[in-house]
$ cat query14.json   # JSON, C-alpha atoms
[["chain", "number", "residue", "atom", "x", "y", "z"],
["W", 143, "MET", "CA", -22.16, 18.93, 10.01],
["W", 144, "MET", "CA", -19.35, 16.54, 10.85],
["W", 145, "ILE", "CA", -16.73, 18.22, 8.63],
["W", 146, "GLN", "CA", -16.69, 21.38, 10.78],
["W", 147, "SER", "CA", -16.28, 19.56, 14.09],
["W", 148, "HIS", "CA", -12.48, 19.23, 13.78],
["W", 149, "SER", "CA", -10.15, 22.18, 13.25],
["W", 150, "PHE", "CA", -7.99, 20.38, 10.69],
["W", 151, "HIS", "CA", -11.06, 20.17, 8.43],
["W", 152, "ALA", "CA", -10.67, 23.89, 7.86],
["W", 153, "HIS", "CA", -7.93, 22.83, 5.42],
["W", 154, "ALA", "CA", -10.35, 20.65, 3.42],
["W", 155, "VAL", "CA", -11.33, 23.58, 1.21],
["W", 156, "ASP", "CA", -9.42, 26.59, -0.04],
["W", 157, "GLU", "CA", -10.39, 30.24, 0.40],
["W", 158, "ILE", "CA", -12.97, 30.13, -2.43],
["W", 159, "GLY", "CA", -14.57, 26.88, -1.28],
["W", 160, "MET", "CA", -12.88, 24.47, -3.71],
["W", 161, "PRO", "CA", -11.48, 21.13, -2.40],
["W", 162, "ASN", "CA", -7.90, 21.42, -1.19],
["W", 163, "LEU", "CA", -5.98, 18.72, -3.05],
["W", 164, "ALA", "CA", -3.26, 18.60, -0.38],
["W", 165, "TYR", "CA", -5.96, 17.61, 2.13],
["W", 166, "GLU", "CA", -7.67, 15.19, -0.26],
["W", 167, "LEU", "CA", -4.43, 13.40, -1.14],
["W", 168, "PHE", "CA", -3.84, 12.39, 2.50],
["W", 169, "TYR", "CA", -7.50, 11.83, 3.36],
["W", 170, "GLN", "CA", -8.09, 9.56, 0.36],
["W", 171, "GLN", "CA", -4.91, 7.56, 1.08],
["W", 172, "GLY", "CA", -6.12, 6.93, 4.63],
["W", 173, "MET", "CA", -9.61, 6.11, 3.37],
["W", 174, "SER", "CA", -8.19, 3.57, 0.93],
["W", 175, "CYS", "CA", -6.30, 1.90, 3.78],
["W", 176, "TYR", "CA", -9.56, 1.71, 5.76],
["W", 177, "ARG", "CA", -11.72, 0.45, 2.90],
["W", 178, "TRP", "CA", -9.30, -2.38, 2.08],
["W", 179, "GLY", "CA", -8.61, -3.23, 5.73],
["W", 180, "LEU", "CA", -4.84, -2.90, 5.51],
["W", 181, "PRO", "CA", -2.92, -4.03, 8.61],
["W", 182, "ARG", "CA", -0.67, -1.62, 10.49],
["W", 183, "PRO", "CA", 2.61, -2.38, 8.62],
["W", 184, "TYR", "CA", 0.94, -1.70, 5.26],
["W", 185, "VAL", "CA", -0.82, 1.40, 6.62],
["W", 186, "LEU", "CA", 2.54, 2.82, 7.74],
["W", 187, "GLN", "CA", 3.94, 1.96, 4.31],
["W", 188, "ALA", "CA", 1.04, 3.81, 2.65],
["W", 189, "LEU", "CA", 1.57, 6.84, 4.89],
["W", 190, "ARG", "CA", 5.29, 6.91, 4.05],
["W", 191, "ALA", "CA", 4.45, 6.65, 0.34],
["W", 192, "VAL", "CA", 2.00, 9.58, 0.36],
["W", 193, "CYS", "CA", 4.37, 11.71, 2.47],
["W", 194, "GLU", "CA", 7.24, 10.99, 0.09],
["W", 195, "ARG", "CA", 5.16, 11.78, -3.02],
["W", 196, "TYR", "CA", 3.90, 15.02, -1.48],
["W", 197, "SER", "CA", 7.27, 16.21, -0.17],
["W", 198, "GLN", "CA", 9.00, 15.54, -3.50],
["W", 199, "ARG", "CA", 6.55, 17.84, -5.30],
["W", 200, "PHE", "CA", 5.55, 20.44, -2.73],
["W", 201, "GLY", "CA", 7.93, 20.40, 0.24],
["W", 202, "SER", "CA", 7.29, 19.52, 3.86],
["W", 203, "VAL", "CA", 4.15, 17.79, 5.10],
["W", 204, "ALA", "CA", 2.00, 19.67, 7.62],
["W", 205, "PHE", "CA", 0.56, 18.13, 10.77],
["W", 206, "TRP", "CA", -3.00, 18.74, 9.55],
["W", 207, "GLN", "CA", -2.25, 16.52, 6.55],
["W", 208, "LEU", "CA", -1.28, 13.66, 8.86],
["W", 209, "ARG", "CA", -4.54, 14.24, 10.74],
["W", 210, "ALA", "CA", -6.44, 14.12, 7.43],
["W", 211, "PHE", "CA", -4.81, 10.72, 6.75],
["W", 212, "ALA", "CA", -5.83, 9.50, 10.22],
["W", 213, "TYR", "CA", -9.38, 10.77, 9.67],
["W", 214, "GLY", "CA", -9.60, 8.83, 6.42],
["W", 215, "LEU", "CA", -8.10, 5.78, 8.13],
["W", 216, "ARG", "CA", -11.09, 5.79, 10.50],
["W", 217, "GLY", "CA", -13.40, 5.48, 7.49],
["W", 218, "LEU", "CA", -15.26, 8.68, 8.22],
["W", 219, "ASP", "CA", -16.76, 11.11, 5.73],
["W", 220, "ASP", "CA", -19.45, 13.78, 5.99],
["W", 221, "SER", "CA", -22.20, 11.14, 5.89],
["W", 222, "GLY", "CA", -20.72, 8.78, 8.49],
["W", 223, "HIS", "CA", -18.76, 5.58, 7.98],
["W", 224, "ARG", "CA", -17.89, 4.25, 4.55],
["W", 225, "GLN", "CA", -18.30, 0.55, 3.82],
["W", 226, "ARG", "CA", -15.28, -1.70, 3.54],
["W", 227, "ALA", "CA", -14.37, -2.98, 0.10],
["W", 228, "CYS", "CA", -12.78, -6.25, 1.23],
["W", 229, "PRO", "CA", -14.66, -9.20, 2.70],
["W", 230, "ALA", "CA", -15.03, -9.16, 6.50],
["W", 231, "LYS", "CA", -13.18, -12.47, 6.93],
["W", 232, "TYR", "CA", -10.22, -11.48, 4.76],
["W", 233, "ARG", "CA", -6.86, -10.82, 6.47],
["W", 234, "TRP", "CA", -3.94, -9.39, 4.54],
["W", 235, "PRO", "CA", -0.93, -11.72, 4.67],
["W", 236, "LEU", "CA", 2.16, -10.35, 6.39],
["W", 237, "PRO", "CA", 5.71, -11.61, 5.86],
["W", 238, "PRO", "CA", 6.56, -14.58, 8.12],
["W", 239, "ASP", "CA", 9.59, -12.72, 9.49],
["W", 240, "ALA", "CA", 11.56, -9.53, 8.91],
["W", 241, "ALA", "CA", 13.82, -11.15, 6.30],
["W", 242, "TRP", "CA", 10.98, -11.47, 3.80],
["W", 243, "GLN", "CA", 9.78, -8.48, 1.77],
["W", 244, "THR", "CA", 6.31, -8.06, 0.30],
["W", 245, "VAL", "CA", 6.20, -7.77, -3.48],
["W", 246, "VAL", "CA", 3.34, -7.48, -5.96],
["W", 247, "CYS", "CA", 3.75, -9.24, -9.32],
["W", 248, "LEU", "CA", 2.02, -7.20, -12.04],
["W", 249, "TYR", "CA", 1.28, -9.03, -15.29],
["W", 250, "PRO", "CA", 0.76, -7.42, -18.73],
["W", 251, "ASP", "CA", -3.02, -8.07, -18.56],
["W", 252, "GLY", "CA", -3.25, -5.98, -15.37],
["W", 253, "GLN", "CA", -3.69, -8.89, -12.96],
["W", 254, "CYS", "CA", -1.69, -8.82, -9.73],
["W", 255, "ASP", "CA", -0.37, -11.49, -7.37],
["W", 256, "LEU", "CA", 0.92, -10.88, -3.86],
["W", 257, "ASP", "CA", 4.10, -12.66, -2.85],
["W", 258, "PHE", "CA", 7.05, -12.44, -0.47],
["W", 259, "VAL", "CA", 10.65, -12.43, -1.62],
["W", 260, "HIS", "CA", 13.81, -13.18, 0.35],
["W", 261, "PRO", "CA", 16.60, -10.82, -0.80],
["W", 262, "VAL", "CA", 19.49, -13.07, 0.28],
["W", 263, "SER", "CA", 18.30, -16.46, -0.97],
["W", 264, "ARG", "CA", 16.48, -14.81, -3.90],
["W", 265, "ARG", "CA", 13.51, -17.12, -3.41],
["W", 266, "PHE", "CA", 9.84, -16.31, -3.64],
["W", 267, "TRP", "CA", 7.41, -17.52, -1.00],
["W", 268, "SER", "CA", 5.16, -18.81, -3.78],
["W", 269, "GLU", "CA", 7.83, -21.27, -4.95],
["W", 270, "ASP", "CA", 7.05, -23.51, -1.97],
["W", 271, "ASN", "CA", 3.67, -22.24, -0.76],
["W", 272, "GLY", "CA", 1.75, -20.78, -3.71],
["W", 273, "PHE", "CA", 0.69, -17.19, -4.20],
["W", 274, "LEU", "CA", -0.98, -15.32, -1.38],
["W", 275, "GLU", "CA", -4.67, -14.50, -1.69],
["W", 276, "LEU", "CA", -5.85, -10.97, -2.43],
["W", 277, "PRO", "CA", -9.29, -9.60, -1.46],
["W", 278, "SER", "CA", -9.99, -8.78, -5.14],
["W", 279, "TYR", "CA", -8.40, -9.66, -8.43],
["W", 280, "ASP", "CA", -10.21, -6.91, -10.32],
["W", 281, "PRO", "CA", -7.47, -4.65, -11.80],
["W", 282, "LEU", "CA", -9.88, -1.71, -11.69],
["W", 283, "GLN", "CA", -10.05, -2.01, -7.89],
["W", 284, "LEU", "CA", -6.67, -3.45, -6.89],
["W", 285, "GLY", "CA", -4.44, -2.96, -9.89],
["W", 286, "GLY", "CA", -0.75, -2.18, -10.08],
["W", 287, "TRP", "CA", -1.59, 1.54, -9.82],
["W", 288, "TRP", "CA", -3.23, 0.99, -6.40],
["W", 289, "PHE", "CA", -0.36, -1.06, -5.02],
["W", 290, "GLU", "CA", 2.16, 1.54, -6.20],
["W", 291, "GLU", "CA", 0.17, 4.32, -4.51],
["W", 292, "MET", "CA", 0.12, 2.30, -1.29],
["W", 293, "GLY", "CA", 3.91, 1.97, -1.37],
["W", 294, "PHE", "CA", 4.16, -1.71, -2.29],
["W", 295, "GLU", "CA", 7.14, -2.92, -4.30],
["W", 296, "VAL", "CA", 5.69, -3.75, -7.74],
["W", 297, "MET", "CA", 7.53, -6.12, -10.05],
["W", 298, "ARG", "CA", 6.36, -5.92, -13.65],
["W", 299, "MET", "CA", 6.35, -9.36, -15.20],
["W", 300, "GLN", "CA", 7.15, -9.78, -18.89],
["W", 301, "PRO", "CA", 6.28, -12.83, -21.02],
["W", 302, "ALA", "CA", 9.78, -12.94, -22.48],
["W", 303, "MET", "CA", 11.42, -13.09, -19.03],
["W", 304, "SER", "CA", 13.37, -16.16, -18.10],
["W", 305, "VAL", "CA", 14.97, -17.16, -14.85],
["W", 306, "ARG", "CA", 18.06, -19.27, -14.43],
["W", 307, "VAL", "CA", 19.84, -20.49, -11.36],
["W", 308, "ALA", "CA", 23.56, -19.72, -11.27],
["W", 309, "GLU", "CA", 26.31, -19.32, -8.72],
["W", 310, "ALA", "CA", 26.45, -15.89, -7.18],
["W", 311, "PRO", "CA", 29.78, -14.14, -7.91],
["W", 312, "ASN", "CA", 30.07, -12.81, -4.33],
["W", 313, "PRO", "CA", 28.00, -14.87, -1.91],
["W", 314, "HIS", "CA", 26.37, -12.99, 0.97],
["W", 315, "LEU", "CA", 26.80, -15.85, 3.44],
["W", 316, "LYS", "CA", 29.93, -17.70, 4.47],
["W", 317, "PRO", "CA", 30.16, -21.08, 6.24],
["W", 318, "VAL", "CA", 30.72, -20.87, 10.00],
["W", 319, "ARG", "CA", 32.90, -23.49, 11.68]]

$ encode --input "query14.json" --output "structure tokens"
Amino acid sequence: MMIQSHSFHAHAVDEIGMPNLAYELFYQQGMSCYRWGLPRPYVLQALRAVCERYSQRFGSVAFWQLRAFAYGLRGLDDSGHRQRACPAKYRWPLPPDAAWQTVVCLYPDGQCDLDFVHPVSRRFWSEDNGFLELPSYDPLQLGGWWFEEMGFEVMRMQPAMSVRVAEAPNPHLKPVR
């Protein structure tokens, strides 16, 4: 059986044979990264998110939990490899440079859009280029809950929201002569 071939799998169940939720939390986070084909920057973001959630509730993260995440990231379970959930040709968009931050716009109906935002200019990538494509628009698969678990910044959109352009009271940039 594959589950007994690695020593960190000894933590997969507790002393009475029930699933260890500390193991499952990290394993499932890694598996979700694998199934949706997340690129390295988003995988690291997802790992930071699960570590932060765990350490806030239970304390420090053990090395075997990181190994459980890595095992899930390989897509392995006791029956072999799991299938990917996203299309084979799909590639997650990454910010064009370090100044842009990834943000997910969550609408009241549960739909999500992926976008980049520039914190200094306060502009969205979609203003000039359109929204970025997601592998699925099904809120039951990739809803706001999933993006929050993976550590994405989620911006909840409200129908009554309005945006206006105004002068910033303290500009971040100054002219150079």

$ closest_residue --input "query14.json" --among "W:Gln253, W:Lys316, W:Phe258, W:Leu236" --to "Gly286 (chain W)" --atoms "only C-alpha atoms"
W:Gln253

$ closest_residue --input "query14.json" --among "W:Leu284, W:Leu215, W:Met292, W:Ala302" --to "Gln187 (chain W)" --atoms "all atoms listed in the file"
W:Met292

$ atom_distance --input "query14.json" --atom1 "CA of Ser202 (chain W)" --atom2 "CA of Tyr165 (chain W)"
13.5 Å

$ atom_distance --input "query14.json" --atom1 "CA of Gly285 (chain W)" --atom2 "CA of Cys254 (chain W)"
6.5 Å

$ atom_distance --input "query14.json" --atom1 "CA of Met297 (chain W)" --atom2 "CA of Ala230 (chain W)"
28.1 Å

$ closest_residue --input "query14.json" --among "W:Ala308, W:Phe266, W:Phe168, W:Pro237" --to "Ala212 (chain W)" --atoms "all atoms listed in the file"
W:Phe168

$ closest_residue --input "query14.json" --among "W:Ala227, W:Leu208, W:Val318, W:Tyr176" --to "Leu276 (chain W)" --atoms "all atoms listed in the file"
W:Ala227

$ decode --input "query14.json" --residues "region 231-243 of chain W" --atoms "N, CA, C and O atoms" --output "short mmCIF file (atom, residue, chain, number, x, y, z; two decimals), in the first residue's frame"
data_model
loop_
_atom_site.label_atom_id
_atom_site.label_comp_id
_atom_site.auth_asym_id
_atom_site.auth_seq_id
_atom_site.Cartn_x
_atom_site.Cartn_y
_atom_site.Cartn_z
N LYS W 231 -4.43 22.69 -21.53
CA LYS W 231 -3.83 23.85 -22.21
C LYS W 231 -3.91 25.13 -21.38
O LYS W 231 -3.31 26.12 -21.75
N TYR W 232 -4.62 25.10 -20.28
CA TYR W 232 -4.80 26.32 -19.49
C TYR W 232 -3.53 26.65 -18.71
O TYR W 232 -2.91 25.76 -18.11
N ARG W 233 -3.15 27.92 -18.69
CA ARG W 233 -2.04 28.42 -17.89
C ARG W 233 -2.54 29.59 -17.06
O ARG W 233 -3.12 30.54 -17.59
N TRP W 234 -2.32 29.52 -15.75
CA TRP W 234 -2.74 30.59 -14.86
C TRP W 234 -1.97 31.86 -15.19
O TRP W 234 -0.75 31.83 -15.32
N PRO W 235 -2.66 32.99 -15.31
CA PRO W 235 -1.94 34.24 -15.57
C PRO W 235 -1.19 34.71 -14.33
O PRO W 235 -1.67 34.58 -13.21
N LEU W 236 0.01 35.21 -14.55
CA LEU W 236 0.83 35.77 -13.48
C LEU W 236 0.97 37.27 -13.72
O LEU W 236 0.92 37.72 -14.88
N PRO W 237 1.16 38.05 -12.68
CA PRO W 237 1.32 39.50 -12.87
C PRO W 237 2.47 39.80 -13.83
O PRO W 237 3.49 39.11 -13.82
N PRO W 238 2.30 40.85 -14.65
CA PRO W 238 3.34 41.18 -15.63
C PRO W 238 4.67 41.61 -14.99
O PRO W 238 5.73 41.41 -15.57
N ASP W 239 4.62 42.20 -13.81
CA ASP W 239 5.83 42.50 -13.06
C ASP W 239 5.48 42.56 -11.57
O ASP W 239 4.32 42.45 -11.19
N ALA W 240 6.49 42.75 -10.75
CA ALA W 240 6.30 42.69 -9.29
C ALA W 240 5.41 43.80 -8.75
O ALA W 240 4.90 43.69 -7.63
N ALA W 241 5.21 44.87 -9.49
CA ALA W 241 4.38 45.97 -9.01
C ALA W 241 2.89 45.62 -8.99
O ALA W 241 2.13 46.20 -8.22
N TRP W 242 2.48 44.69 -9.80
CA TRP W 242 1.08 44.30 -9.88
C TRP W 242 0.78 43.21 -8.86
O TRP W 242 1.58 42.31 -8.63
N GLN W 243 -0.41 43.27 -8.26
CA GLN W 243 -0.85 42.26 -7.31
C GLN W 243 -2.07 41.54 -7.88
O GLN W 243 -2.92 42.16 -8.51
#
